[in-house]
$ cat target36.cif   # mmCIF, C-alpha atoms and all ligand atoms
data_data
loop_
_atom_site.label_atom_id
_atom_site.label_comp_id
_atom_site.auth_asym_id
_atom_site.auth_seq_id
_atom_site.Cartn_x
_atom_site.Cartn_y
_atom_site.Cartn_z
CA MET A 4 -52.91 37.17 11.19
CA GLN A 5 -54.94 36.75 14.37
CA TYR A 6 -56.30 33.42 15.61
CA TYR A 7 -59.61 32.98 17.40
CA SER A 8 -60.84 30.07 19.47
CA THR A 9 -63.66 27.87 18.16
CA ASN A 10 -65.32 28.36 21.56
CA LYS A 11 -65.13 32.13 21.07
CA SER A 12 -64.88 32.99 24.76
CA VAL A 13 -61.28 34.28 24.81
CA PRO A 14 -59.65 37.14 22.86
CA GLU A 15 -57.83 36.50 19.58
CA VAL A 16 -54.11 35.75 19.73
CA SER A 17 -51.08 36.09 17.45
CA LEU A 18 -49.65 33.18 15.43
CA GLN A 19 -46.82 32.85 17.90
CA GLU A 20 -49.21 32.57 20.79
CA ALA A 21 -51.49 30.13 18.99
CA VAL A 22 -48.52 27.89 18.19
CA THR A 23 -47.07 28.10 21.67
CA LYS A 24 -50.37 27.50 23.42
CA GLY A 25 -51.71 24.77 21.14
CA LEU A 26 -55.18 24.82 22.68
CA ALA A 27 -57.00 28.06 23.57
CA ASP A 28 -57.72 28.82 27.24
CA ASP A 29 -61.42 28.12 26.74
CA LYS A 30 -60.49 24.62 25.39
CA GLY A 31 -61.36 25.71 21.86
CA LEU A 32 -59.17 25.17 18.80
CA PHE A 33 -57.45 28.09 17.13
CA MET A 34 -58.66 29.22 13.72
CA PRO A 35 -57.10 31.86 11.45
CA ASP A 36 -59.41 34.88 11.47
CA HIS A 37 -59.40 35.06 7.70
CA ILE A 38 -58.51 32.78 4.83
CA ASN A 39 -56.55 34.44 2.04
CA PRO A 40 -57.61 33.12 -1.34
CA LEU A 41 -54.85 32.45 -3.87
CA PRO A 42 -55.13 34.35 -7.16
CA ALA A 43 -56.47 32.73 -10.33
CA SER A 44 -53.05 33.26 -11.94
CA PHE A 45 -51.53 30.89 -9.36
CA PHE A 46 -53.85 28.08 -10.39
CA GLU A 47 -53.30 28.76 -14.10
CA THR A 48 -49.62 27.87 -13.89
CA ILE A 49 -49.51 25.76 -10.74
CA GLU A 50 -48.42 22.67 -12.67
CA GLN A 51 -45.11 24.38 -13.48
CA LEU A 52 -44.22 24.62 -9.80
CA SER A 53 -42.62 22.00 -7.57
CA PHE A 54 -44.26 20.70 -4.37
CA GLN A 55 -41.92 22.95 -2.39
CA GLU A 56 -42.67 26.06 -4.48
CA ILE A 57 -46.41 25.49 -4.31
CA SER A 58 -46.21 24.98 -0.55
CA PHE A 59 -44.30 28.22 -0.14
CA GLU A 60 -47.11 30.14 -1.90
CA VAL A 61 -49.69 28.46 0.32
CA ALA A 62 -47.59 29.13 3.43
CA LYS A 63 -47.39 32.82 2.52
CA ALA A 64 -51.18 32.99 2.46
CA PHE A 65 -51.32 31.65 6.02
CA PHE A 66 -48.14 32.92 7.65
CA GLY A 67 -46.87 35.70 5.36
CA GLU A 68 -48.20 38.44 7.62
CA ASP A 69 -46.22 37.07 10.57
CA ILE A 70 -42.93 35.76 9.18
CA PRO A 71 -40.56 37.51 6.76
CA GLU A 72 -40.65 35.93 3.32
CA ALA A 73 -37.05 34.70 3.29
CA ASP A 74 -37.43 33.00 6.70
CA LEU A 75 -40.71 31.42 5.69
CA LYS A 76 -39.20 30.11 2.49
CA GLN A 77 -36.42 28.50 4.45
CA LEU A 78 -38.92 26.99 6.88
CA VAL A 79 -40.95 25.47 4.08
CA PHE A 80 -38.02 24.18 2.07
CA ASP A 81 -36.36 22.72 5.20
CA THR A 82 -39.61 20.97 6.08
CA LEU A 83 -40.27 19.49 2.66
CA GLN A 84 -37.17 17.58 1.79
CA PHE A 85 -39.25 14.91 0.13
CA ASP A 86 -41.98 14.75 -2.48
CA CYS A 87 -45.62 13.71 -2.48
CA PRO A 88 -46.27 12.22 -5.90
CA VAL A 89 -49.60 11.13 -7.38
CA VAL A 90 -49.42 7.54 -8.59
CA PRO A 91 -52.12 5.89 -10.72
CA VAL A 92 -53.74 2.81 -9.18
CA HIS A 93 -56.03 2.41 -12.15
CA ASP A 94 -58.09 4.48 -14.54
CA LYS A 95 -59.55 7.53 -12.72
CA ILE A 96 -58.09 6.65 -9.33
CA TYR A 97 -54.82 8.07 -8.15
CA SER A 98 -52.96 7.66 -4.91
CA LEU A 99 -51.41 10.77 -3.41
CA GLU A 100 -48.45 9.22 -1.62
CA LEU A 101 -47.78 11.15 1.55
CA PHE A 102 -45.27 8.69 2.93
CA HIS A 103 -41.95 9.78 1.51
CA GLY A 104 -40.82 11.68 4.64
CA PRO A 105 -38.52 10.44 7.43
CA THR A 106 -41.11 8.35 9.30
CA LEU A 107 -43.00 7.31 6.18
CA ALA A 108 -46.35 8.88 7.07
CA PHE A 109 -48.08 12.13 6.21
CA LYS A 110 -47.70 13.57 9.69
CA ASP A 111 -44.04 14.26 8.91
CA VAL A 112 -45.08 17.42 7.08
CA GLY A 113 -46.89 19.03 10.01
CA GLY A 114 -44.46 17.66 12.59
CA ARG A 115 -41.43 19.06 10.84
CA PHE A 116 -43.06 22.37 10.03
CA MET A 117 -44.20 22.90 13.60
CA ALA A 118 -40.79 22.03 15.03
CA ARG A 119 -39.12 24.53 12.77
CA LEU A 120 -41.68 27.24 13.38
CA LEU A 121 -41.50 26.89 17.15
CA GLY A 122 -37.69 26.80 16.98
CA TYR A 123 -37.84 29.97 14.88
CA PHE A 124 -40.03 31.81 17.40
CA LEU A 125 -37.82 30.76 20.31
CA LYS A 126 -34.75 32.06 18.53
CA GLN A 127 -36.47 35.37 17.81
CA LYS A 128 -37.32 35.80 21.46
CA ASN A 129 -33.92 34.63 22.66
CA ASN A 130 -35.93 32.39 24.93
CA ARG A 131 -33.95 30.66 27.66
CA LYS A 132 -36.77 28.72 29.28
CA GLN A 133 -37.36 25.19 28.05
CA VAL A 134 -40.55 24.62 26.08
CA ASN A 135 -42.24 21.29 26.76
CA VAL A 136 -44.19 19.80 23.90
CA LEU A 137 -46.85 17.28 24.97
CA VAL A 138 -48.19 14.98 22.31
CA ALA A 139 -50.65 12.11 22.50
CA THR A 140 -50.32 9.54 19.76
CA SER A 141 -52.32 6.61 18.46
CA GLY A 142 -49.28 5.57 16.44
CA ASP A 143 -48.02 7.91 13.79
CA THR A 144 -48.19 11.36 15.36
CA GLY A 145 -45.61 10.46 17.98
CA SER A 146 -42.98 9.44 15.49
CA ALA A 147 -43.58 12.38 13.18
CA VAL A 148 -43.46 14.92 15.99
CA ALA A 149 -40.55 13.29 17.82
CA ASN A 150 -38.47 13.05 14.66
CA GLY A 151 -39.45 16.57 13.65
CA PHE A 152 -38.28 17.98 16.98
CA LEU A 153 -35.28 15.73 17.56
CA GLY A 154 -32.31 17.87 18.54
CA VAL A 155 -34.19 21.20 18.32
CA ASP A 156 -32.64 23.46 20.97
CA GLY A 157 -34.70 24.57 23.96
CA ILE A 158 -37.55 22.13 23.32
CA HIS A 159 -38.30 18.85 25.11
CA VAL A 160 -40.94 16.50 23.71
CA TYR A 161 -43.11 14.13 25.79
CA VAL A 162 -44.88 11.52 23.69
CA LEU A 163 -47.83 9.74 25.36
CA TYR A 164 -48.95 6.51 23.75
CA PRO A 165 -51.33 3.69 24.68
CA LYS A 166 -49.52 0.60 25.94
CA GLY A 167 -49.87 -2.35 23.58
CA LEU A 168 -52.00 -0.45 21.07
CA VAL A 169 -49.35 0.76 18.63
CA SER A 170 -47.35 -1.48 16.32
CA GLU A 171 -43.77 -2.36 17.16
CA ILE A 172 -42.51 -0.35 14.21
CA GLN A 173 -44.51 2.70 15.25
CA GLU A 174 -43.29 2.38 18.83
CA LYS A 175 -39.65 2.07 17.81
CA GLN A 176 -39.86 5.27 15.82
CA PHE A 177 -40.33 7.44 18.87
CA THR A 178 -39.18 5.39 21.86
CA THR A 179 -35.62 4.86 20.62
CA LEU A 180 -34.59 8.44 19.96
CA GLY A 181 -33.42 9.66 23.39
CA GLN A 182 -31.96 13.20 23.50
CA ASN A 183 -34.80 15.70 23.91
CA ILE A 184 -37.51 13.08 23.37
CA THR A 185 -39.19 11.21 26.28
CA SER A 186 -41.81 8.54 25.60
CA ILE A 187 -44.51 7.78 28.16
CA GLU A 188 -46.27 4.43 27.89
CA VAL A 189 -49.76 4.96 29.27
CA ASP A 190 -51.77 2.06 30.64
CA GLY A 191 -54.92 3.09 28.75
CA THR A 192 -56.27 4.00 25.31
CA PHE A 193 -55.42 6.82 22.91
CA ASP A 194 -58.36 8.78 24.28
CA ASP A 195 -56.84 8.51 27.77
CA CYS A 196 -53.56 9.86 26.39
CA GLN A 197 -55.37 12.73 24.70
CA ARG A 198 -57.28 13.50 27.91
CA LEU A 199 -54.06 13.57 29.95
CA VAL A 200 -52.56 16.07 27.54
CA LYS A 201 -55.67 18.24 27.43
CA THR A 202 -55.98 18.22 31.22
CA ALA A 203 -52.32 19.18 31.62
CA PHE A 204 -52.87 22.32 29.55
CA LEU A 205 -55.66 23.41 31.86
CA ASP A 206 -53.84 22.63 35.12
CA GLU A 207 -52.96 25.86 36.92
CA GLU A 208 -49.99 24.45 38.79
CA LEU A 209 -48.40 22.97 35.66
CA LYS A 210 -49.10 26.15 33.72
CA SER A 211 -47.41 28.30 36.36
CA LYS A 212 -44.30 26.12 36.63
CA LEU A 213 -43.72 24.91 33.06
CA THR A 214 -44.03 26.22 29.53
CA LEU A 215 -46.27 23.64 27.87
CA THR A 216 -47.44 23.31 24.32
CA SER A 217 -49.09 20.68 22.21
CA ALA A 218 -48.05 19.14 18.93
CA ASN A 219 -51.23 17.26 18.19
CA SER A 220 -53.07 18.06 15.00
CA ILE A 221 -54.94 20.67 17.03
CA ASN A 222 -51.88 22.92 16.82
CA VAL A 223 -52.24 25.35 13.92
CA ALA A 224 -48.59 24.88 12.98
CA ARG A 225 -49.15 21.17 12.42
CA PHE A 226 -52.60 21.49 11.05
CA LEU A 227 -52.39 24.23 8.41
CA PRO A 228 -49.32 22.91 6.49
CA GLN A 229 -51.37 19.83 5.68
CA ALA A 230 -53.10 22.01 3.10
CA PHE A 231 -49.88 21.94 1.04
CA TYR A 232 -50.31 18.53 -0.44
CA TYR A 233 -53.86 19.05 -1.69
CA PHE A 234 -52.47 21.81 -3.90
CA ASN A 235 -49.70 19.52 -5.02
CA ALA A 236 -52.18 16.77 -5.90
CA TYR A 237 -54.04 19.22 -8.10
CA ALA A 238 -50.84 20.45 -9.74
CA ARG A 239 -49.50 16.98 -10.50
CA LEU A 240 -52.84 15.91 -11.97
CA LYS A 241 -53.06 19.13 -13.97
CA GLU A 242 -49.70 18.32 -15.51
CA GLN A 243 -51.45 15.37 -17.07
CA GLY A 244 -54.68 17.26 -17.86
CA LEU A 245 -56.57 15.26 -15.18
CA GLN A 246 -57.54 17.99 -12.72
CA ASP A 247 -61.23 18.51 -13.56
CA GLU A 248 -64.10 17.34 -11.31
CA LEU A 249 -61.64 16.32 -8.66
CA VAL A 250 -62.88 14.24 -5.75
CA VAL A 251 -60.53 13.74 -2.80
CA ALA A 252 -60.89 10.88 -0.32
CA VAL A 253 -59.19 11.20 3.06
CA PRO A 254 -58.69 8.42 5.64
CA SER A 255 -59.74 10.22 8.79
CA GLY A 256 -59.29 9.92 12.54
CA ASN A 257 -58.87 13.27 14.24
CA PHE A 258 -59.90 15.00 10.99
CA GLY A 259 -56.94 17.38 10.87
CA ASN A 260 -55.92 16.22 7.43
CA LEU A 261 -59.36 16.51 5.90
CA THR A 262 -59.99 19.89 7.53
CA ALA A 263 -56.78 21.21 5.97
CA GLY A 264 -58.22 20.10 2.63
CA LEU A 265 -61.34 22.15 3.34
CA PHE A 266 -59.12 25.17 3.96
CA ALA A 267 -57.38 24.52 0.63
CA GLN A 268 -60.75 24.47 -1.07
CA GLN A 269 -61.71 27.75 0.59
CA MET A 270 -58.47 29.26 -0.70
CA GLY A 271 -59.73 28.54 -4.18
CA LEU A 272 -58.36 25.08 -4.90
CA PRO A 273 -60.87 23.51 -7.31
CA ILE A 274 -61.82 20.37 -5.44
CA LYS A 275 -65.34 19.27 -6.30
CA ARG A 276 -66.04 17.34 -3.12
CA PHE A 277 -64.46 15.39 -0.28
CA ILE A 278 -64.96 11.89 1.01
CA ALA A 279 -64.22 11.16 4.66
CA ALA A 280 -63.30 7.51 5.18
CA ASN A 281 -63.53 6.10 8.70
CA ASN A 282 -62.81 2.73 10.20
CA GLU A 283 -65.27 1.46 12.81
CA ASN A 284 -64.76 4.65 14.77
CA ASP A 285 -67.50 6.22 12.73
CA ILE A 286 -68.56 9.24 14.76
CA VAL A 287 -68.33 11.67 11.85
CA TYR A 288 -69.88 9.17 9.45
CA LYS A 289 -72.88 9.02 11.79
CA TYR A 290 -72.95 12.81 12.09
CA LEU A 291 -73.09 13.13 8.31
CA GLN A 292 -76.00 10.67 8.21
CA SER A 293 -78.01 12.07 11.10
CA GLY A 294 -76.79 15.54 12.08
CA GLN A 295 -76.05 14.21 15.57
CA TYR A 296 -72.48 14.33 16.85
CA GLU A 297 -72.10 11.64 19.47
CA PRO A 298 -68.55 10.92 20.59
CA ARG A 299 -67.88 7.44 21.98
CA PRO A 300 -64.84 5.69 23.41
CA SER A 301 -62.59 4.56 20.56
CA VAL A 302 -62.35 0.92 19.52
CA SER A 303 -59.13 -0.52 18.19
CA THR A 304 -58.89 -1.51 14.54
CA ILE A 305 -56.17 -2.44 12.04
CA ALA A 306 -56.17 1.19 10.82
CA ASN A 307 -55.13 2.28 14.30
CA ALA A 308 -54.06 5.84 13.52
CA MET A 309 -57.77 6.48 12.94
CA ASP A 310 -58.98 4.97 16.22
CA VAL A 311 -60.43 8.18 17.54
CA GLY A 312 -63.68 8.41 19.45
CA ASP A 313 -63.99 12.20 19.66
CA PRO A 314 -62.20 13.78 16.69
CA SER A 315 -60.69 17.09 17.87
CA ASN A 316 -60.74 18.85 14.54
CA PHE A 317 -64.43 18.31 14.09
CA ALA A 318 -64.82 21.56 16.06
CA ARG A 319 -62.98 23.31 13.23
CA ILE A 320 -65.28 21.82 10.61
CA LEU A 321 -68.35 22.97 12.54
CA ASP A 322 -66.86 26.43 12.89
CA LEU A 323 -65.88 26.68 9.23
CA TYR A 324 -69.46 26.02 8.10
CA GLY A 325 -71.31 27.86 10.87
CA HIS A 326 -72.44 24.58 12.47
CA SER A 327 -74.67 23.87 9.48
CA HIS A 328 -75.18 20.15 8.90
CA ALA A 329 -76.57 20.93 5.46
CA LYS A 330 -73.44 22.82 4.42
CA ILE A 331 -71.09 20.26 5.87
CA SER A 332 -72.85 17.40 4.14
CA SER A 333 -72.74 19.31 0.87
CA VAL A 334 -68.92 19.41 0.87
CA MET A 335 -68.25 15.91 2.14
CA LYS A 336 -69.67 12.44 2.25
CA GLY A 337 -68.79 9.76 4.78
CA PHE A 338 -68.00 6.06 4.57
CA ARG A 339 -66.89 3.60 7.21
CA TYR A 340 -65.31 0.20 7.04
CA SER A 341 -64.83 -2.78 9.31
CA ASP A 342 -61.47 -4.51 9.62
CA GLU A 343 -62.81 -7.29 7.40
CA GLN A 344 -63.68 -4.83 4.64
CA ILE A 345 -60.29 -3.14 4.95
CA LYS A 346 -58.53 -6.49 4.58
CA GLU A 347 -60.65 -7.40 1.61
CA VAL A 348 -59.97 -4.23 -0.34
CA LEU A 349 -56.28 -4.23 0.47
CA LEU A 350 -55.94 -7.75 -0.91
CA GLN A 351 -58.10 -7.02 -3.95
CA VAL A 352 -56.13 -3.92 -4.97
CA TYR A 353 -52.85 -5.75 -4.47
CA LYS A 354 -53.98 -8.66 -6.64
CA GLU A 355 -55.74 -6.69 -9.35
CA TYR A 356 -53.54 -3.63 -9.67
CA ASN A 357 -50.33 -4.67 -7.96
CA TYR A 358 -50.59 -1.63 -5.69
CA LEU A 359 -49.99 -2.22 -2.00
CA LEU A 360 -52.19 -0.05 0.20
CA ASP A 361 -51.77 0.43 3.92
CA PRO A 362 -54.89 -0.15 6.07
CA HIS A 363 -55.65 3.60 6.30
CA GLY A 364 -55.28 4.38 2.62
CA ALA A 365 -57.35 1.26 1.95
CA CYS A 366 -60.39 2.87 3.62
CA ALA A 367 -60.06 5.95 1.45
CA TYR A 368 -59.47 3.94 -1.72
CA LYS A 369 -62.54 1.83 -1.03
CA ALA A 370 -64.76 4.85 -0.39
CA LEU A 371 -63.48 6.59 -3.51
CA SER A 372 -63.89 3.61 -5.79
CA THR A 373 -67.41 3.04 -4.43
CA ASP A 374 -68.56 6.61 -4.80
CA LEU A 375 -66.84 8.05 -7.86
CA VAL A 376 -69.23 8.70 -10.75
CA ALA A 377 -68.65 9.11 -14.49
CA GLY A 378 -66.84 12.33 -15.35
CA GLU A 379 -65.12 12.61 -11.98
CA MET A 380 -61.44 12.17 -11.25
CA GLY A 381 -60.48 10.64 -7.92
CA VAL A 382 -57.46 10.92 -5.72
CA PHE A 383 -57.11 9.36 -2.29
CA LEU A 384 -54.55 10.22 0.35
CA GLU A 385 -52.24 7.28 1.00
CA THR A 386 -51.22 8.40 4.46
CA ALA A 387 -48.60 5.82 5.40
CA HIS A 388 -46.20 3.39 3.78
CA PRO A 389 -47.58 -0.17 4.02
CA ALA A 390 -44.34 -1.32 5.63
CA LYS A 391 -45.29 0.66 8.73
CA PHE A 392 -47.92 -2.02 9.26
CA THR A 393 -45.88 -5.00 8.07
CA GLU A 394 -47.50 -7.63 10.25
CA THR A 395 -51.04 -6.63 9.36
CA VAL A 396 -50.31 -6.18 5.68
CA GLU A 397 -48.32 -9.39 5.31
CA ALA A 398 -51.06 -11.37 7.04
CA ILE A 399 -53.60 -9.94 4.59
CA ILE A 400 -51.70 -10.56 1.37
CA GLY A 401 -50.46 -13.91 2.69
CA GLN A 402 -46.81 -13.34 2.01
CA GLY A 403 -43.89 -11.99 3.93
CA ASN A 404 -42.38 -9.85 1.26
CA VAL A 405 -43.20 -6.29 2.23
CA PRO A 406 -39.71 -4.84 2.14
CA LEU A 407 -38.79 -2.62 5.07
CA PRO A 408 -37.50 0.69 3.72
CA GLU A 409 -34.03 1.63 4.90
CA LYS A 410 -35.38 4.41 7.15
CA LEU A 411 -37.56 1.94 9.08
CA ALA A 412 -34.89 -0.73 9.33
CA GLU A 413 -32.66 1.79 11.13
CA PHE A 414 -35.32 2.50 13.77
CA MET A 415 -35.85 -1.22 14.40
CA LYS A 416 -32.24 -1.57 15.56
CA GLY A 417 -32.73 0.98 18.37
CA GLU A 418 -33.54 0.22 22.01
CA LYS A 419 -36.94 1.10 23.44
CA LEU A 420 -36.62 3.73 26.17
CA SER A 421 -40.01 4.56 27.66
CA VAL A 422 -41.46 5.48 31.00
CA PRO A 423 -44.57 3.61 32.21
CA CYS A 424 -47.47 5.69 33.55
CA SER A 425 -51.05 4.99 34.66
CA LYS A 426 -53.96 6.82 33.07
CA ALA A 427 -54.57 8.82 36.26
CA PHE A 428 -53.84 12.49 35.71
CA ASP A 429 -52.04 12.87 39.06
CA ASP A 430 -49.43 10.28 38.04
CA PHE A 431 -48.72 12.09 34.81
CA LYS A 432 -48.66 15.46 36.49
CA GLY A 433 -46.26 14.23 39.19
CA PHE A 434 -43.94 12.91 36.52
CA LEU A 435 -43.91 16.22 34.66
CA LEU A 436 -43.29 18.20 37.83
CA ARG A 437 -40.32 15.96 38.64
CA GLU A 438 -38.84 15.71 35.18
CA ALA A 439 -39.68 18.76 33.10
CA LYS A 440 -37.93 22.10 33.37
C1 LIG B 501 -53.07 10.27 11.64
C2 LIG B 501 -53.35 9.34 10.53
C3 LIG B 501 -54.58 9.34 9.88
C4 LIG B 501 -55.73 10.22 10.32
O1 LIG B 501 -55.46 11.59 10.11
P1 LIG B 501 -56.32 12.70 10.88
O2 LIG B 501 -55.73 13.99 10.46
O3 LIG B 501 -56.16 12.43 12.34
O4 LIG B 501 -57.73 12.52 10.44
C5 LIG B 501 -54.75 8.51 8.80
N1 LIG B 501 -53.77 7.68 8.39
C6 LIG B 501 -52.57 7.63 9.02
C7 LIG B 501 -51.55 6.69 8.54
C8 LIG B 501 -52.32 8.46 10.09
O5 LIG B 501 -51.14 8.40 10.70
#
$ encode --input "target36.cif" --output "C-alpha cells" --more "lines below"
Ligand SMILES: *Cc1c(COP(=O)(O)O)cnc(C)c1O
Amino acid sequence: MQYYSTNKSVPEVSLQEAVTKGLADDKGLFMPDHINPLPASFFETIEQLSFQEISFEVAKAFFGEDIPEADLKQLVFDTLQFDCPVVPVHDKIYSLELFHGPTLAFKDVGGRFMARLLGYFLKQKNNRKQVNVLVATSGDTGSAVANGFLGVDGIHVYVLYPKGLVSEIQEKQFTTLGQNITSIEVDGTFDDCQRLVKTAFLDEELKSKLTLTSANSINVARFLPQAFYYFNAYARLKEQGLQDELVVAVPSGNFGNLTAGLFAQQMGLPIKRFIAANNENDIVYKYLQSGQYEPRPSVSTIANAMDVGDPSNFARILDLYGHSHAKISSVMKGFRYSDEQIKEVLLQVYKEYNYLLDPHGACAYKALSTDLVAGEMGVFLETAHPAKFTETVEAIIGQGNVPLPEKLAEFMKGEKLSVPCSKAFDDFKGFLLREAK
C-alpha cells in the first residue's frame, strides 16, 4: 500500500517510509491511498472472534500488502496481550475499556504496535544506524510509547513533556525507565513540545546527521491500529445482540482515536454515528458548529490528555471527507465540557451506577448520555484507568479509595530521570546533536 501526504505536494511513499518518517516532507500527514473494506462474511461471524483475531483481520486490510501474514500475525498478537472489554454502565450505555494494557491507557495499543513494526523493519534492513524516535506528550502518549519501545534494539526514544503539566503518575511512567528512553522536561506547554518535535523533523542539519522519526498519533503505525478496538466493541456488543444503531462517543484531543474510528466505519463497520467529546479545548467542537477551523493555544484542564489547541489529525478528517463541512458534520457531532461539568458527571455516575470514570471518559459518557435517542445503542471509549488521575478523581468523589493497580504502583517506586530544556528550538536541537547518535 502507498501512503500520500494530506498536503499532496510530495510523492507517495511505502509503509516503511511513512512509518520511519512520521510526518511527510511537506508537513502533511500520511494517509493510506486506499481503504480495503472487510467482507460482509467477516461481520456476520465477528462475534465468534477474539479481540486479537479481529485485530489481525483489520491489520491485514491495512498492512497485508506490505508484511507477510505470519509476521503480521505475530506483530498483532504480541501487541495485544490484553483485552478491551465492553462493560455496561447502565441500560443502553456501555464503556469500552481501553485501559487494560501496561500503562493503563488506550495509547498502549498504538505505541506497542508501532514499536514492533519499526523494530521489524529495522531487522529486515539489517539496519545498524540508531533510529531516534521523538515524541511530544501531554501525559499519556509518552508512557505508552516509552513502554512500547523499552528495550527495542537500535531505537532510542526522546519523550518531550510540559513541565508541571502532567500528573505525577503519568510522569513516573516514562521518566523512570532509563535504558533507551530519555525524557525531556520542557519549560512550556504541550503545544511547545509538539512544535519542537515538528520543527526538528524539518531541520536540515538534524535530518542529515540523525535518523529521526515520530511516535505521535500522526504516525500511521500508531494511528491505524486504533481502528482495532472499534471492531471489537461491535463484536462484543453483537455477542449480546446489542450492535444495532450503534453510536460511539470518543474523548478527543489530537483526534487520532476518533479518526481511526472513521476509518473503521469506511471499512464497513456498521457504526451509525460518532460523537466527539472535547474539554475546554473545543476547536473541533467550534468547527462542527461553524465550519471555521481556528486553532488556539491550549488551556490546561483536568482531562489533560485532551489539552490540544491544534489537533494534528484534523487534517486527516478533512482529507477523508474532501474538506466538506457538511459531510463531516453528518458523521459526527461535537460536545465540550468545562472542568466543573466533568467533575459533576464523574461524581454522578459513580454515585448512581457505581462506575468510576476517568476525566476523559467522563466527557464522552456525558456527551453520549445527553445525545443518545430512543432506538440507539451507545458505547463510549474509556481511554484511561481512573487511577492514572488519582488525585483528581479522589478529590471529586471525596474519598481516597481509588486503588492503584499493581502496574502503576511499580512505576511509582522508580526514580525520575529527566533532562530540563527550554522551549527554544536551538536548545532542543543542541541537546539532540550532543546526545543522539
Ligand atoms: C490521548 C488521550 C485522549 C485523546 O486521544 P486523541 O487520539 O489524541 O484524540 C483521550 N483520553 C486519554 C486518556 C488520552 O490519553
$ closest_atom_pairs --input "target36.cif" --of "chain A" --to "ligand LIG 501 (chain B)" --cutoff "6 Å" --atoms "only C-alpha atoms and all ligand atoms" --output "CSV"
residue,atom,partner,partner_atom,distance
A:Ala108,CA,B:LIG501,C7,5.8
A:Asp143,CA,B:LIG501,O5,4.4
A:Pro254,CA,B:LIG501,C5,5.1
A:Ser255,CA,B:LIG501,O4,3.5
A:Gly256,CA,B:LIG501,O4,3.7
A:Asn257,CA,B:LIG501,O3,3.4
A:Phe258,CA,B:LIG501,O4,3.3
A:Gly259,CA,B:LIG501,O2,3.6
A:Asn260,CA,B:LIG501,O2,3.8
A:Ala308,CA,B:LIG501,C8,4.7
A:Met309,CA,B:LIG501,C4,5.0
A:His363,CA,B:LIG501,N1,5.0
A:Thr386,CA,B:LIG501,C7,4.4
A:Ala387,CA,B:LIG501,C7,4.4
$ closest_residue --input "target36.cif" --among "A:Val162, A:Ile399, A:Val311, A:Val79" --to "A:Gly181" --atoms "only C-alpha atoms"
A:Val162
$ closest_residue --input "target36.cif" --among "A:Asp29, A:Glu409, A:Glu438, A:Glu50" --to "A:Tyr237" --atoms "only C-alpha atoms"
A:Glu50
$ atom_distance --input "target36.cif" --atom1 "atom CA of A:Tyr296" --atom2 "atom CA of A:Asp313"
9.2 Å
$ atom_distance --input "target36.cif" --atom1 "atom CA of A:Ala252" --atom2 "atom CA of A:His326"
22.0 Å
$ residues_around --input "target36.cif" --residues "A:Thr23" --least-positions-apart "5" --cutoff "12 Å" --atoms "all atoms listed in the file" --output "PyMOL selection string"
chain A and resi 16-18+33+117-118+120-125+133-137+158+204+214-218+221-225
$ residues_near_point --input "target36.cif" --point "(-41.5, -3.5, 15.2)" --cutoff "10 Å" --atoms "all atoms listed in the file" --output "JSON, numbers by chain"
{"A": [169, 170, 171, 172, 173, 174, 175, 176, 391, 392, 393, 394, 411, 412, 414, 415, 416]}
$ closest_residue --input "target36.cif" --among "A:Cys424, A:Val89, A:Arg299, A:Asp430" --to "A:Leu163" --atoms "all atoms listed in the file"
A:Cys424
$ residues_around --input "target36.cif" --residues "A:Thr304" --least-positions-apart "4" --cutoff "9 Å" --atoms "all atoms listed in the file" --output "mmCIF file with C-alpha atoms, in the frame of the given file"
data_model
loop_
_atom_site.group_PDB
_atom_site.id
_atom_site.type_symbol
_atom_site.label_atom_id
_atom_site.label_comp_id
_atom_site.auth_asym_id
_atom_site.auth_seq_id
_atom_site.Cartn_x
_atom_site.Cartn_y
_atom_site.Cartn_z
ATOM 1 C CA ASN A 282 -62.810 2.730 10.200
ATOM 2 C CA GLU A 283 -65.270 1.460 12.810
ATOM 3 C CA ASN A 284 -64.760 4.650 14.770
ATOM 4 C CA ALA A 308 -54.060 5.840 13.520
ATOM 5 C CA MET A 309 -57.770 6.480 12.940
ATOM 6 C CA ASP A 310 -58.980 4.970 16.220
ATOM 7 C CA SER A 341 -64.830 -2.780 9.310
ATOM 8 C CA ASP A 342 -61.470 -4.510 9.620
#
$ decode --input "target36.cif" --residues "stretch 224-230 of chain A" --atoms "N, CA, C and O atoms" --output "mmCIF file, in the first residue's frame"
data_model
loop_
_atom_site.group_PDB
_atom_site.id
_atom_site.type_symbol
_atom_site.label_atom_id
_atom_site.label_comp_id
_atom_site.auth_asym_id
_atom_site.auth_seq_id
_atom_site.Cartn_x
_atom_site.Cartn_y
_atom_site.Cartn_z
ATOM 1 N N ALA A 224 1.641 4.107 11.973
ATOM 2 C CA ALA A 224 1.750 2.855 12.719
ATOM 3 C C ALA A 224 1.128 2.957 14.110
ATOM 4 O O ALA A 224 0.796 1.957 14.734
ATOM 5 N N ARG A 225 0.992 4.165 14.620
ATOM 6 C CA ARG A 225 0.308 4.333 15.897
ATOM 7 C C ARG A 225 -1.163 4.574 15.665
ATOM 8 O O ARG A 225 -2.023 4.166 16.444
ATOM 9 N N PHE A 226 -1.420 5.270 14.585
ATOM 10 C CA PHE A 226 -2.758 5.754 14.327
ATOM 11 C C PHE A 226 -3.710 4.637 13.844
ATOM 12 O O PHE A 226 -4.781 4.418 14.416
ATOM 13 N N LEU A 227 -3.298 3.918 12.800
ATOM 14 C CA LEU A 227 -4.212 2.938 12.205
ATOM 15 C C LEU A 227 -4.635 1.805 13.159
ATOM 16 O O LEU A 227 -5.809 1.428 13.157
ATOM 17 N N PRO A 228 -3.710 1.256 13.992
ATOM 18 C CA PRO A 228 -4.134 0.161 14.873
ATOM 19 C C PRO A 228 -5.240 0.553 15.855
ATOM 20 O O PRO A 228 -5.893 -0.304 16.440
ATOM 21 N N GLN A 229 -5.460 1.846 16.011
ATOM 22 C CA GLN A 229 -6.543 2.268 16.897
ATOM 23 C C GLN A 229 -7.903 1.886 16.336
ATOM 24 O O GLN A 229 -8.903 1.916 17.050
ATOM 25 N N ALA A 230 -7.933 1.515 15.062
ATOM 26 C CA ALA A 230 -9.201 1.041 14.480
ATOM 27 C C ALA A 230 -9.617 -0.304 15.092
ATOM 28 O O ALA A 230 -10.796 -0.641 15.117
#
